[in-house]
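Step one of this worksheet: look at the structure below.
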Amino acid sequence: MDLKIKGKWALVTGGANGIGEEISCQLAAEGVNIVVTSRTKQPIEHLTKKLSDLQISVVGIEVDFLNPDWHLEFEEKIKN
């Protein structure tokens with residue numbers, strides 16, 4: 001299916017596990033570049049390897065949304 005979103009960017013929170021991982025994979029299959037969040041690095045690394053054959057960018061950000069100051073952590077990481 002061509003959703004005409006190739007080359008766009010998507011932020012998928014919790015996008016390296018479960019339903020979020022499947023959403024990331026479906027978007028990547030459409031040619032969408034992915035910014036994915038996870039509480040730990042290992043799922044992000046797994047997803048990055050899984051999508052490595054596709055010609056897209058995958059940016060992984062470790063962030064815990066249960067932390068009350070998550071937005072400060074996220075903002076700092078997204079700037080880099």
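Each chain in the structure tokens gets a letter, A, B and so on, in the order shown; residues start at 1 in every chain, and ligands are counted from 1 in the order they appear.
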Chain A: which residues are strand (DSSP E) by DSSP, as a PyMOL selection string?
chain A and resi 9-12+33-38+58-62
Requested write-out: N, CA and C atoms of the selected residues, as a PDB file, in the first residue's frame:
ATOM      1  N   TRP A   9       9.009  11.851   8.458  1.00  0.00           N
ATOM      2  CA  TRP A   9       9.516  11.384   9.748  1.00  0.00           C
ATOM      3  C   TRP A   9       8.340  11.075  10.659  1.00  0.00           C
ATOM      4  N   ALA A  10       8.484   9.996  11.461  1.00  0.00           N
ATOM      5  CA  ALA A  10       7.460   9.639  12.445  1.00  0.00           C
ATOM      6  C   ALA A  10       8.118   9.379  13.787  1.00  0.00           C
ATOM      7  N   LEU A  11       7.487   9.842  14.842  1.00  0.00           N
ATOM      8  CA  LEU A  11       7.911   9.547  16.206  1.00  0.00           C
ATOM      9  C   LEU A  11       6.997   8.452  16.733  1.00  0.00           C
ATOM     10  N   VAL A  12       7.593   7.309  17.098  1.00  0.00           N
ATOM     11  CA  VAL A  12       6.819   6.188  17.632  1.00  0.00           C
ATOM     12  C   VAL A  12       7.296   5.941  19.059  1.00  0.00           C
ATOM     13  N   ASN A  33      11.069   7.607   7.746  1.00  0.00           N
ATOM     14  CA  ASN A  33      12.168   7.626   8.710  1.00  0.00           C
ATOM     15  C   ASN A  33      11.565   7.589  10.105  1.00  0.00           C
ATOM     16  N   ILE A  34      12.220   6.870  11.019  1.00  0.00           N
ATOM     17  CA  ILE A  34      11.626   6.604  12.322  1.00  0.00           C
ATOM     18  C   ILE A  34      12.466   7.193  13.447  1.00  0.00           C
ATOM     19  N   VAL A  35      11.800   7.876  14.370  1.00  0.00           N
ATOM     20  CA  VAL A  35      12.371   8.222  15.671  1.00  0.00           C
ATOM     21  C   VAL A  35      11.600   7.358  16.657  1.00  0.00           C
ATOM     22  N   VAL A  36      12.302   6.480  17.344  1.00  0.00           N
ATOM     23  CA  VAL A  36      11.666   5.516  18.224  1.00  0.00           C
ATOM     24  C   VAL A  36      12.171   5.702  19.644  1.00  0.00           C
ATOM     25  N   THR A  37      11.258   5.574  20.610  1.00  0.00           N
ATOM     26  CA  THR A  37      11.661   5.654  22.008  1.00  0.00           C
ATOM     27  C   THR A  37      11.469   4.307  22.684  1.00  0.00           C
ATOM     28  N   SER A  38      12.320   4.085  23.680  1.00  0.00           N
ATOM     29  CA  SER A  38      12.231   2.888  24.516  1.00  0.00           C
ATOM     30  C   SER A  38      12.906   3.212  25.838  1.00  0.00           C
ATOM     31  N   VAL A  58      16.811   5.504  11.183  1.00  0.00           N
ATOM     32  CA  VAL A  58      16.193   5.113  12.443  1.00  0.00           C
ATOM     33  C   VAL A  58      16.988   5.782  13.557  1.00  0.00           C
ATOM     34  N   VAL A  59      16.309   6.608  14.343  1.00  0.00           N
ATOM     35  CA  VAL A  59      16.932   7.293  15.470  1.00  0.00           C
ATOM     36  C   VAL A  59      16.273   6.747  16.731  1.00  0.00           C
ATOM     37  N   GLY A  60      17.086   6.228  17.637  1.00  0.00           N
ATOM     38  CA  GLY A  60      16.569   5.677  18.884  1.00  0.00           C
ATOM     39  C   GLY A  60      16.887   6.580  20.052  1.00  0.00           C
ATOM     40  N   ILE A  61      15.903   6.774  20.919  1.00  0.00           N
ATOM     41  CA  ILE A  61      16.071   7.613  22.096  1.00  0.00           C
ATOM     42  C   ILE A  61      15.594   6.838  23.316  1.00  0.00           C
ATOM     43  N   GLU A  62      16.502   6.671  24.278  1.00  0.00           N
ATOM     44  CA  GLU A  62      16.130   6.051  25.541  1.00  0.00           C
ATOM     45  C   GLU A  62      15.470   7.105  26.416  1.00  0.00           C
TER      46      GLU A  62
END
All alpha helix (DSSP H) positions in chain A, as a ChimeraX atom specification:
/A:18-29,41-50,70-79
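You can rank A:Lys41, A:His71, A:Lys6, A:Lys77 by their closest distance to Leu54 of chain A using only C-alpha atoms, and at the top of that list sits A:Lys6.
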Of the candidates A:Glu76, A:Asp64, A:Lys8, A:Asn17, which one gets nearest to Glu45 of chain A if we count only C-alpha atoms?
A:Asn17
Determine the nearest neighbour of Leu47 of chain A from the options A:Ala16, A:Ile78, A:Val63, A:Leu27, counting only C-alpha atoms.
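Closest candidate: A:Ala16.
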Using only C-alpha atoms, which residue out of A:Gln55, A:Arg39, A:Glu21, A:Gly15 lies closest to Trp70 of chain A?
A:Arg39
